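Source file my_file.cif; content: mmCIF, C-alpha atoms and all ligand atoms.
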data_final
#
loop_
_atom_site.label_atom_id
_atom_site.label_comp_id
_atom_site.auth_asym_id
_atom_site.auth_seq_id
_atom_site.Cartn_x
_atom_site.Cartn_y
_atom_site.Cartn_z
CA MET A 1376 349.73 72.68 98.14
CA GLY A 1377 346.26 72.68 99.63
CA SER A 1378 344.91 69.71 101.48
CA ILE A 1379 341.55 68.03 101.28
CA PRO A 1380 339.76 68.06 104.62
CA ILE A 1381 338.96 64.59 105.93
CA GLY A 1382 335.38 63.74 105.06
CA ALA A 1383 335.25 66.22 102.18
CA THR A 1384 333.54 64.79 99.17
CA MET A 1385 332.27 65.74 95.78
CA ILE A 1386 328.53 66.09 95.75
CA THR A 1387 326.82 65.85 92.41
CA PRO A 1388 324.84 68.96 91.51
CA ILE A 1389 321.13 68.22 91.13
CA HIS A 1390 319.30 70.43 88.65
CA TRP A 1391 315.52 70.64 88.83
CA GLY A 1392 312.92 71.08 86.13
CA GLU A 1393 312.60 72.09 82.52
CA HIS A 1394 314.58 75.32 82.78
CA ALA A 1395 317.72 73.49 83.91
CA LEU A 1396 317.49 71.13 80.95
CA ALA A 1397 317.11 74.08 78.58
CA THR A 1398 320.06 76.01 80.01
CA THR A 1399 322.54 73.97 82.08
CA LEU A 1400 322.33 70.82 79.96
CA ASP A 1401 322.55 72.94 76.82
CA GLN A 1402 325.77 74.53 78.15
CA MET A 1403 327.24 71.12 78.98
CA LEU A 1404 326.50 69.90 75.46
CA ALA A 1405 328.28 72.92 74.01
CA GLN A 1406 331.41 71.98 75.99
CA HIS A 1407 331.63 68.46 74.55
CA GLU A 1408 332.30 67.58 70.93
CA GLN A 1409 331.04 64.04 71.14
CA VAL A 1410 327.89 63.16 73.05
CA PHE A 1411 326.34 59.71 73.56
CA LEU A 1412 322.84 59.20 74.88
CA LEU A 1413 321.68 55.83 76.22
CA LEU A 1414 317.97 54.98 76.46
CA ASP A 1415 315.53 52.10 76.05
CA GLU A 1416 312.56 51.74 73.69
CA ASN A 1417 309.97 53.13 76.15
CA VAL A 1418 312.09 56.13 76.98
CA LEU A 1419 312.70 56.67 73.27
CA GLU A 1420 308.95 56.82 72.75
CA PHE A 1421 307.82 58.76 75.83
CA CYS A 1422 310.70 60.87 77.13
CA TYR A 1423 313.21 61.52 74.34
CA PRO A 1424 310.81 63.68 72.25
CA LYS A 1425 309.99 65.78 75.34
CA LEU A 1426 313.68 66.21 76.12
CA LEU A 1427 314.55 67.13 72.55
CA ALA A 1428 311.82 69.79 72.54
CA ILE A 1429 313.28 71.29 75.72
CA CYS A 1430 316.94 70.99 74.68
CA PRO A 1431 317.24 70.91 70.86
CA ALA A 1432 321.05 70.84 71.04
CA LEU A 1433 320.70 67.17 71.95
CA LYS A 1434 320.23 66.46 68.25
CA LYS A 1435 324.00 66.17 68.05
CA ALA A 1436 324.03 63.17 70.40
CA GLU A 1437 324.61 59.64 69.14
CA VAL A 1438 321.49 57.88 70.44
CA ILE A 1439 322.04 54.30 71.63
CA GLU A 1440 318.94 52.23 72.22
CA ILE A 1441 318.87 49.10 74.36
CA GLU A 1442 315.92 46.87 75.18
CA SER A 1443 314.17 47.73 78.42
CA GLY A 1444 314.47 45.54 81.50
CA GLU A 1445 316.85 44.31 84.18
CA ALA A 1446 318.15 41.55 81.87
CA GLN A 1447 320.07 44.24 79.95
CA LYS A 1448 322.20 45.16 82.95
CA ASN A 1449 324.87 42.60 82.11
CA ILE A 1450 328.46 42.29 80.97
CA ASP A 1451 327.55 41.42 77.34
CA ILE A 1452 325.61 44.63 76.85
CA ALA A 1453 328.33 46.58 78.66
CA THR A 1454 330.89 45.07 76.26
CA GLN A 1455 328.79 46.08 73.24
CA LEU A 1456 328.64 49.64 74.59
CA TRP A 1457 332.43 49.77 75.18
CA GLU A 1458 332.91 48.44 71.62
CA MET A 1459 330.62 51.13 70.25
CA LEU A 1460 332.55 53.85 72.12
CA THR A 1461 335.81 52.47 70.80
CA GLN A 1462 334.50 52.35 67.20
CA HIS A 1463 333.36 55.98 67.52
CA GLN A 1464 336.79 56.89 68.89
CA ALA A 1465 335.25 58.38 71.98
CA THR A 1466 337.76 60.20 74.13
CA ARG A 1467 337.86 61.25 77.76
CA LYS A 1468 336.37 64.53 76.58
CA SER A 1469 333.21 62.83 75.36
CA LEU A 1470 329.99 63.17 77.33
CA TRP A 1471 327.70 60.25 78.12
CA ILE A 1472 324.05 60.82 79.03
CA ASN A 1473 321.77 58.24 80.64
CA LEU A 1474 318.11 59.00 79.92
CA GLY A 1475 315.89 56.45 81.63
CA GLY A 1476 315.22 54.38 84.71
CA GLY A 1477 317.65 52.69 87.06
CA VAL A 1478 318.64 50.04 84.52
CA VAL A 1479 319.87 52.66 82.06
CA SER A 1480 321.49 54.78 84.79
CA ASP A 1481 323.29 51.80 86.37
CA LEU A 1482 324.43 50.19 83.11
CA GLY A 1483 325.30 53.46 81.36
CA GLY A 1484 326.97 54.86 84.48
CA PHE A 1485 329.11 51.72 84.77
CA VAL A 1486 330.13 51.81 81.10
CA ALA A 1487 330.97 55.53 81.20
CA ALA A 1488 332.82 55.30 84.52
CA THR A 1489 335.07 52.50 83.28
CA TYR A 1490 335.69 53.41 79.61
CA LYS A 1491 339.23 54.84 79.46
CA ARG A 1492 339.10 54.98 83.27
CA GLY A 1493 336.06 57.21 83.12
CA ILE A 1494 334.37 59.79 80.93
CA ASP A 1495 331.95 62.46 82.12
CA PHE A 1496 328.41 61.25 82.47
CA VAL A 1497 325.09 62.82 83.31
CA GLN A 1498 321.93 61.21 84.68
CA ILE A 1499 318.48 62.25 83.47
CA PRO A 1500 316.23 59.86 85.41
CA THR A 1501 312.75 59.19 84.03
CA THR A 1502 311.33 56.77 86.63
CA LEU A 1503 310.44 57.70 90.18
CA LEU A 1504 312.88 55.11 91.49
CA ALA A 1505 315.72 56.55 89.45
CA GLN A 1506 314.83 60.14 90.44
CA VAL A 1507 314.79 59.49 94.19
CA ASP A 1508 317.44 56.82 94.34
CA ALA A 1509 319.34 55.17 91.47
CA SER A 1510 320.61 58.31 89.74
CA VAL A 1511 321.75 59.99 92.95
CA GLY A 1512 324.74 58.80 94.93
CA GLY A 1513 327.28 57.50 92.45
CA LYS A 1514 326.75 53.72 92.59
CA GLN A 1515 327.04 52.21 89.11
CA ALA A 1516 326.76 48.47 88.58
CA ILE A 1517 325.75 45.54 86.43
CA ASP A 1518 324.40 42.15 87.47
CA PHE A 1519 326.66 39.10 87.17
CA LEU A 1520 325.96 35.34 87.40
CA ASP A 1521 322.40 36.20 88.43
CA TYR A 1522 323.59 38.28 91.38
CA LYS A 1523 322.33 41.83 91.48
CA ASN A 1524 324.85 44.66 91.14
CA GLN A 1525 327.75 42.23 91.58
CA ILE A 1526 330.25 44.18 89.45
CA GLY A 1527 330.40 47.94 89.79
CA VAL A 1528 332.11 51.14 90.82
CA PHE A 1529 331.51 54.25 92.84
CA ALA A 1530 331.61 57.13 90.36
CA MET A 1531 329.78 60.43 90.66
CA PRO A 1532 327.90 61.77 87.64
CA LYS A 1533 328.79 65.31 86.56
CA ALA A 1534 325.17 66.30 87.07
CA VAL A 1535 321.70 64.90 87.65
CA PHE A 1536 318.70 66.55 86.01
CA ILE A 1537 315.34 65.79 87.63
CA HIS A 1538 312.20 66.72 85.72
CA ALA A 1539 309.05 65.30 87.33
CA ASP A 1540 307.04 65.70 84.10
CA PHE A 1541 308.76 62.61 82.71
CA LEU A 1542 306.76 60.61 85.27
CA ASP A 1543 303.44 61.40 83.53
CA THR A 1544 303.78 58.33 81.31
CA LEU A 1545 305.22 55.97 83.92
CA PRO A 1546 303.03 52.88 84.58
CA ASP A 1547 301.42 52.77 88.06
CA ASN A 1548 303.38 49.71 89.21
CA HIS A 1549 306.65 51.55 88.52
CA LEU A 1550 305.36 54.63 90.35
CA LEU A 1551 304.60 52.44 93.38
CA ALA A 1552 308.01 50.76 93.15
CA GLY A 1553 309.79 54.14 93.26
CA PHE A 1554 307.53 55.27 96.06
CA MET A 1555 308.79 52.37 98.21
CA GLU A 1556 312.29 53.88 98.22
CA MET A 1557 310.74 57.15 99.45
CA VAL A 1558 308.99 55.26 102.26
CA LYS A 1559 312.39 53.78 103.10
CA HIS A 1560 313.94 57.26 103.39
CA ALA A 1561 311.19 58.25 105.83
CA LEU A 1562 311.44 55.08 107.90
CA ILE A 1563 315.18 55.23 108.43
CA LEU A 1564 315.71 58.95 108.84
CA ASP A 1565 312.70 61.23 108.96
CA LYS A 1566 309.64 60.66 111.15
CA ALA A 1567 307.95 63.88 109.99
CA TYR A 1568 308.31 62.71 106.39
CA TRP A 1569 306.72 59.37 107.39
CA GLN A 1570 303.75 61.28 108.80
CA ASP A 1571 303.42 63.27 105.57
CA LEU A 1572 303.35 60.03 103.59
CA GLN A 1573 300.40 58.61 105.53
CA HIS A 1574 297.66 60.25 103.48
CA LEU A 1575 299.48 60.78 100.21
CA GLN A 1576 297.85 59.58 97.00
CA ILE A 1577 300.61 58.67 94.58
CA ASP A 1578 298.64 59.14 91.40
CA THR A 1579 299.29 62.87 91.08
CA VAL A 1580 302.79 63.63 89.95
CA ALA A 1581 302.48 67.30 90.98
CA ASP A 1582 301.86 66.20 94.60
CA LEU A 1583 304.97 64.05 94.47
CA LEU A 1584 307.45 66.78 93.53
CA PRO A 1585 308.11 68.21 97.04
CA LEU A 1586 308.52 64.67 98.32
CA ILE A 1587 310.92 63.77 95.52
CA GLN A 1588 312.96 66.79 96.59
CA ARG A 1589 312.86 65.65 100.20
CA SER A 1590 314.00 62.14 99.32
CA VAL A 1591 316.82 63.43 97.14
CA GLU A 1592 317.96 65.74 99.98
CA ILE A 1593 318.00 62.79 102.39
CA LYS A 1594 319.96 60.61 99.98
CA GLN A 1595 322.42 63.40 99.12
CA SER A 1596 323.05 64.15 102.76
CA VAL A 1597 323.78 60.49 103.58
CA VAL A 1598 326.04 60.09 100.53
CA ALA A 1599 327.93 63.31 101.37
CA GLN A 1600 328.81 61.93 104.79
CA ASP A 1601 329.76 58.45 103.57
CA PRO A 1602 330.20 58.26 99.78
CA THR A 1603 331.66 54.74 99.66
CA GLU A 1604 329.40 53.08 102.22
CA LEU A 1605 331.85 52.50 105.05
CA GLY A 1606 329.23 53.21 107.69
CA LEU A 1607 326.23 55.54 107.64
CA ARG A 1608 325.34 54.95 103.97
CA LYS A 1609 324.52 51.34 104.79
CA CYS A 1610 321.27 52.64 106.31
CA LEU A 1611 319.95 53.06 102.73
CA ASN A 1612 320.00 49.26 102.51
CA PHE A 1613 317.03 48.89 104.88
CA GLY A 1614 314.65 46.45 103.18
CA HIS A 1615 317.31 45.48 100.66
CA THR A 1616 318.75 42.33 102.30
CA PHE A 1617 315.51 40.41 101.96
CA GLY A 1618 314.53 42.62 99.01
CA HIS A 1619 317.52 41.71 96.83
CA ALA A 1620 317.15 38.01 97.75
CA LEU A 1621 313.46 38.04 96.74
CA GLU A 1622 314.22 39.96 93.56
CA THR A 1623 316.94 37.47 92.60
CA LEU A 1624 314.84 34.42 93.54
CA LEU A 1625 311.99 35.54 91.29
CA MET A 1626 314.17 37.05 88.53
CA HIS A 1627 313.41 34.25 86.04
CA SER A 1628 309.88 33.47 87.22
CA GLU A 1629 306.68 34.30 85.34
CA ASN A 1630 306.17 37.32 87.57
CA PRO A 1631 309.52 38.89 88.42
CA LEU A 1632 309.42 41.63 91.03
CA LEU A 1633 310.36 45.22 90.28
CA HIS A 1634 313.28 46.38 92.40
CA GLY A 1635 311.12 48.77 94.43
CA GLU A 1636 308.42 46.14 94.92
CA ALA A 1637 311.05 43.72 96.26
CA VAL A 1638 312.35 46.44 98.59
CA GLY A 1639 308.79 47.08 99.81
CA LEU A 1640 308.35 43.39 100.66
CA GLY A 1641 311.86 43.38 102.13
CA MET A 1642 310.88 46.28 104.42
CA ILE A 1643 307.91 44.26 105.71
CA LEU A 1644 310.21 41.33 106.53
CA GLU A 1645 312.92 43.51 108.06
CA THR A 1646 310.40 45.49 110.13
CA LYS A 1647 309.12 42.19 111.52
CA LEU A 1648 312.68 41.11 112.18
CA SER A 1649 313.44 44.43 113.94
CA ALA A 1650 310.51 43.82 116.31
CA HIS A 1651 311.26 40.08 116.66
CA LEU A 1652 314.79 40.90 117.88
CA GLY A 1653 313.48 43.54 120.28
CA PHE A 1654 314.94 46.62 118.56
CA LEU A 1655 311.65 48.13 117.38
CA PRO A 1656 308.62 48.71 119.64
CA GLN A 1657 305.80 46.41 118.55
CA ALA A 1658 303.29 49.28 118.18
CA GLU A 1659 305.52 51.01 115.62
CA ALA A 1660 306.17 47.73 113.81
CA THR A 1661 302.42 47.11 113.59
CA ALA A 1662 301.81 50.60 112.12
CA ILE A 1663 304.61 50.22 109.54
CA ILE A 1664 303.51 46.74 108.49
CA ALA A 1665 299.86 47.80 108.17
CA TYR A 1666 300.90 50.72 105.94
CA LEU A 1667 303.16 48.62 103.72
CA GLU A 1668 300.69 45.74 103.49
CA LYS A 1669 297.97 48.14 102.34
CA ARG A 1670 300.18 49.63 99.62
CA LEU A 1671 301.51 46.23 98.54
CA ALA A 1672 298.34 44.15 99.04
CA HIS A 1673 298.58 42.63 95.54
CA LEU A 1674 302.08 41.26 96.28
CA LEU A 1675 301.41 39.72 99.69
CA PRO A 1676 300.75 36.21 98.28
CA ILE A 1677 304.48 36.13 97.44
CA LEU A 1678 305.38 36.47 101.12
CA GLU A 1679 302.83 33.85 102.11
CA LYS A 1680 304.52 31.32 99.82
CA ILE A 1681 308.12 32.23 100.44
CA ASP A 1682 310.50 29.41 101.38
CA ILE A 1683 313.22 30.69 103.69
CA GLN A 1684 315.47 27.75 102.70
CA ALA A 1685 315.46 28.96 99.09
CA LEU A 1686 316.27 32.52 100.19
CA LEU A 1687 319.20 31.62 102.45
CA PRO A 1688 321.90 31.09 99.79
CA LEU A 1689 320.90 34.41 98.24
CA LEU A 1690 320.95 36.18 101.60
CA LEU A 1691 324.44 34.79 102.22
CA GLN A 1692 325.63 36.42 98.95
CA ASP A 1693 324.57 39.89 100.09
CA LYS A 1694 327.30 42.49 99.58
CA LYS A 1695 326.94 43.85 103.12
CA ASN A 1696 328.01 40.54 104.68
CA THR A 1697 331.51 40.53 106.12
CA ASN A 1698 331.84 36.75 106.38
CA THR A 1699 330.33 33.82 104.54
CA GLU A 1700 328.39 32.43 107.52
CA GLN A 1701 326.47 35.50 108.60
CA ILE A 1702 323.93 37.83 107.06
CA SER A 1703 324.15 41.51 107.85
CA PHE A 1704 321.00 43.61 108.25
CA VAL A 1705 320.03 47.24 108.70
CA LEU A 1706 317.11 47.23 111.12
CA LEU A 1707 314.80 49.83 112.64
CA LYS A 1708 314.99 51.10 116.22
CA GLY A 1709 311.99 53.33 115.71
CA ILE A 1710 310.32 55.25 112.91
CA GLY A 1711 313.08 57.54 111.61
CA SER A 1712 315.86 55.66 113.40
CA PHE A 1713 317.97 52.68 112.33
CA ILE A 1714 320.62 50.31 113.62
CA LEU A 1715 323.47 49.04 111.38
CA ASP A 1716 325.45 45.82 111.09
CA ILE A 1717 323.14 43.36 112.82
CA SER A 1718 324.67 40.04 111.81
CA LEU A 1719 322.66 36.86 112.08
CA ASP A 1720 323.72 33.35 111.20
CA ALA A 1721 321.74 31.07 108.96
CA ASN A 1722 320.14 29.28 111.94
CA ALA A 1723 318.77 32.52 113.33
CA ILE A 1724 317.26 33.36 109.94
CA HIS A 1725 315.88 29.89 109.67
CA ALA A 1726 314.20 30.23 113.06
CA TYR A 1727 312.63 33.51 111.97
CA SER A 1728 309.51 32.84 110.01
CA PRO A 1729 308.49 35.57 107.55
CA GLN A 1730 304.92 34.33 107.77
CA ALA A 1731 304.77 35.08 111.51
N1 LIG A 1801 322.63 52.73 91.61
C1 LIG A 1801 321.80 52.81 92.62
O1 LIG A 1801 322.09 53.44 93.63
C2 LIG A 1801 320.47 52.12 92.52
C3 LIG A 1801 319.50 52.35 93.50
C4 LIG A 1801 318.26 51.74 93.35
C5 LIG A 1801 318.00 50.93 92.26
N2 LIG A 1801 318.97 50.72 91.33
C6 LIG A 1801 318.71 49.87 90.15
O2 LIG A 1801 317.68 50.47 89.39
C7 LIG A 1801 317.07 49.44 88.60
C8 LIG A 1801 315.57 49.62 88.59
O3 LIG A 1801 315.27 50.88 88.07
P1 LIG A 1801 313.80 51.25 87.56
O4 LIG A 1801 312.82 50.80 88.57
O5 LIG A 1801 313.85 52.68 87.19
O6 LIG A 1801 313.58 50.28 86.33
P2 LIG A 1801 313.83 50.42 84.75
O7 LIG A 1801 315.04 51.19 84.48
O8 LIG A 1801 313.75 49.03 84.24
O9 LIG A 1801 312.57 51.25 84.24
C9 LIG A 1801 311.30 50.75 84.43
C10 LIG A 1801 310.47 50.67 83.15
O10 LIG A 1801 309.92 51.95 82.90
C11 LIG A 1801 310.19 52.33 81.55
N3 LIG A 1801 310.26 53.78 81.60
C12 LIG A 1801 311.27 54.55 82.07
N4 LIG A 1801 310.88 55.82 82.11
C13 LIG A 1801 309.61 55.87 81.65
C14 LIG A 1801 308.68 56.91 81.49
N5 LIG A 1801 308.95 58.15 81.90
N6 LIG A 1801 307.47 56.62 80.97
C15 LIG A 1801 307.15 55.33 80.63
N7 LIG A 1801 307.99 54.30 80.79
C16 LIG A 1801 309.21 54.57 81.30
C17 LIG A 1801 311.44 51.60 81.18
O11 LIG A 1801 311.55 51.43 79.80
C18 LIG A 1801 311.23 50.28 81.91
O12 LIG A 1801 310.41 49.44 81.13
C19 LIG A 1801 317.51 48.12 89.18
O13 LIG A 1801 318.45 47.54 88.31
C20 LIG A 1801 318.17 48.51 90.48
O14 LIG A 1801 319.19 47.61 90.86
C21 LIG A 1801 320.18 51.31 91.43
#
What is this file in C-alpha cells?
Amino acid sequence: MGSIPIGATMITPIHWGEHALATTLDQMLAQHEQVFLLLDENVLEFCYPKLLAICPALKKAEVIEIESGEAQKNIDIATQLWEMLTQHQATRKSLWINLGGGVVSDLGGFVAATYKRGIDFVQIPTTLLAQVDASVGGKQAIDFLDYKNQIGVFAMPKAVFIHADFLDTLPDNHLLAGFMEMVKHALILDKAYWQDLQHLQIDTVADLLPLIQRSVEIKQSVVAQDPTELGLRKCLNFGHTFGHALETLLMHSENPLLHGEAVGLGMILETKLSAHLGFLPQAEATAIIAYLEKRLAHLLPILEKIDIQALLPLLLQDKKNTNTEQISFVLLKGIGSFILDISLDANAIHAYSPQA
C-alpha cells in the first residue's frame, strides 16, 4: 500500500475563463446525472444567462434561488436546502454548483459538504471577493447566533471556475470590498504585489485579471501548506480579528458593513496595533494607513465612532483565540511579512485606542 507523504494535500484545480466553462464544466456535467445550482436573485439576473450561453448543458440543473445577503447564511436556510436535496433523492453522485458571491459559496459549500457526508461541489464565484478568497481554500460555513462562520467544515470543492467577465455587473462597493482581500494578500506576503497595487484603478475589470490570478496563487500556496489552519494559514486572518468584530457589531444596523469593507477597516486597526506594539516600523505603518484611508475614506466615520467596549465581547469570540481571556491577532512585521499568534488580554485592547 502506498503512503501519503506528510504535508501532502489536495489542491483544488482552478479553471480560468470562458473556455474552461465551455469544456471542463461541460464534461463534469456529463458525468453527473443530477445537478443542483444555487444562486441568488442578482446572480440569476446578471450571471446565470451568461453562464448558460457559455455552457448550455447547464439547462439540466435544478436551479435553487435564495435571497441575496449575509442573513441567508444560516441554519434555517441550510435545513431547507438539505430538505430539498432529500426530496429530490439526491445521492452522493449528484453535483452541486455554487454560482455567486461568498454567501452562496459558503452556504452552498457547507450544505453540499455535509449532505450524506459530502457530495461533489463546484464553485463559480461571481464577486471579486469570492474569486480571490471565499471560493478558494475549502472553508465552508454558516453564521450562528449572530457569530460569523460559527458552524462549518473544511471541504475542498472539486473545481473552481474563475471568469472575470462576471464582474462587469458587480456594484462598485462590492468591487472595493473584494479588492481589500487582495490588498491583504500583498501586505502579508508580497511586497512587489503591494507596489503594483499603489497606482491601480479598480474600475477596469480587464486590469484586475492578472492581479486576481496573483491573489489566487498566493491563497492556493498558503492553503496547500496548511489546509486546516494549524499555523501558516492563520496569516490570511490579518485584518479579520477587528474586521469580524466590526462586521458583527454593525450586522443589524442601518448600514451594515460588507465583509471586505470590514476587513479593510480591520487592517487599518491591526496595522496601527502592529506599530503600537513595536512590530512594524512606523514609516511602513504610516504608508499602509494612508493607502487604506484613501481607499476607504467614506467608511472612516465608523472608526471615529467605534466603542472598544462594545467590540471586546465580539473580539473574545474570535475563532483564533485559544482561551477565553485573550484575543489572538495576526500582525505585520513589515510590508509582505507577518507575525502569528500575538495574544493580548482585554486590558491591553482596552488601553489601545483605535482613534489614536
Ligand atoms: N470561505 C471563505 O474562505 C471566505 C472568505 C472570505 C469571505 N467569505 C464570506 O463571503 C461572504 C461575502 O461574500 P461577497 O462579498 O461575495 O458577498 P455576497 O455573496 O453577498 O455578494 C455580494 C452581492 O453581489 C451580488 N452579486 C454577486 N455577483 C454579482 C455580479 N456578478 N453582478 C452583480 N451582482 C452580483 C449578490 O447578489 C450580493 O447582493 C461573507 O459571508 C464572508 O464571510 C468566506
Test item: residues no farther than 7 Å from ligand LIG 1801 (chain A), counting all atoms listed in the file, as an MDAnalysis selection string: chainID A and resid 1415:1418 1421:1422 1443:1445 1448 1475:1479 1481 1501:1505 1508:1516 1523:1524 1541:1546 1549 1552:1553 1633:1635
Point-to-point distance in Å for atom CA of A:Ala1395 and atom CA of A:Leu1460: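 For atom CA of A:Leu1460 relative to atom CA of A:Ala1395, the distance reads 27.3 Å.
Atom CA of A:Met1555 to atom CA of A:Leu1426 spans 26.5 Å [interatomic distance, one decimal].
Note that the spacing between atom CA of A:Thr1646 and atom CA of A:Gly1527 amounts to 28.6 Å.
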Of the listed residues A:Leu1607, A:Leu1433, A:Ile1499, A:Ile1702, that which approaches A:Trp1391 most closely, counting only C-alpha atoms: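 Nearest to A:Trp1391: A:Ile1499.
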Nearest residue to A:Gly1709 from the set A:Leu1687, A:Ala1658, A:Ala1672, A:Leu1678 (distances using only C-alpha atoms):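 Of A:Leu1687, A:Ala1658, A:Ala1672, A:Leu1678, the one nearest A:Gly1709 is A:Ala1658, counting only C-alpha atoms.
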Residues near A:Ala1397, cut-off 12 Å, only C-alpha atoms, skip fewer than 5 positions along chain, as an NGL selection string: :A and (1390-1392 or 1402-1404 or 1425-1433 or 1536 or 1538)
Non-local contacts of A:Leu1691 (12 Å; all atoms listed in the file; under 6 positions in same chain excluded) as a list in words: Tyr1522, Thr1616, Phe1617, His1619, Ala1620, Gln1684, Ala1685, Thr1697, Asn1698, Thr1699, Glu1700, Gln1701, Ile1702, Ser1703, Phe1704, Ser1718, Leu1719, Asp1720, Ala1721, Asn1722 and Ile1724 of chain A
Residue nearest A:His1673 among A:Leu1551, A:Leu1706, A:Leu1586, A:Leu1575 (counting all atoms listed in the file):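 Using all atoms listed in the file, the shortest distance to A:His1673 belongs to A:Leu1551.
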Of the listed residues A:Ile1517, A:Leu1470, A:Leu1686, A:Ala1599, that which approaches A:Asn1449 most closely, counting all atoms listed in the file: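 Of the candidates, the smallest distance to A:Asn1449 is held by A:Ile1517.
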Nearest to A:Asp1451 by atom-to-atom distance, counting all atoms listed in the file, from A:Thr1466, A:Leu1482, A:Asp1601, A:Leu1414: A:Leu1482
From A:Leu1648, A:Val1705, A:Ile1643, A:Ala1488, residue lying nearest A:Arg1670 [only C-alpha atoms]: A:Ile1643
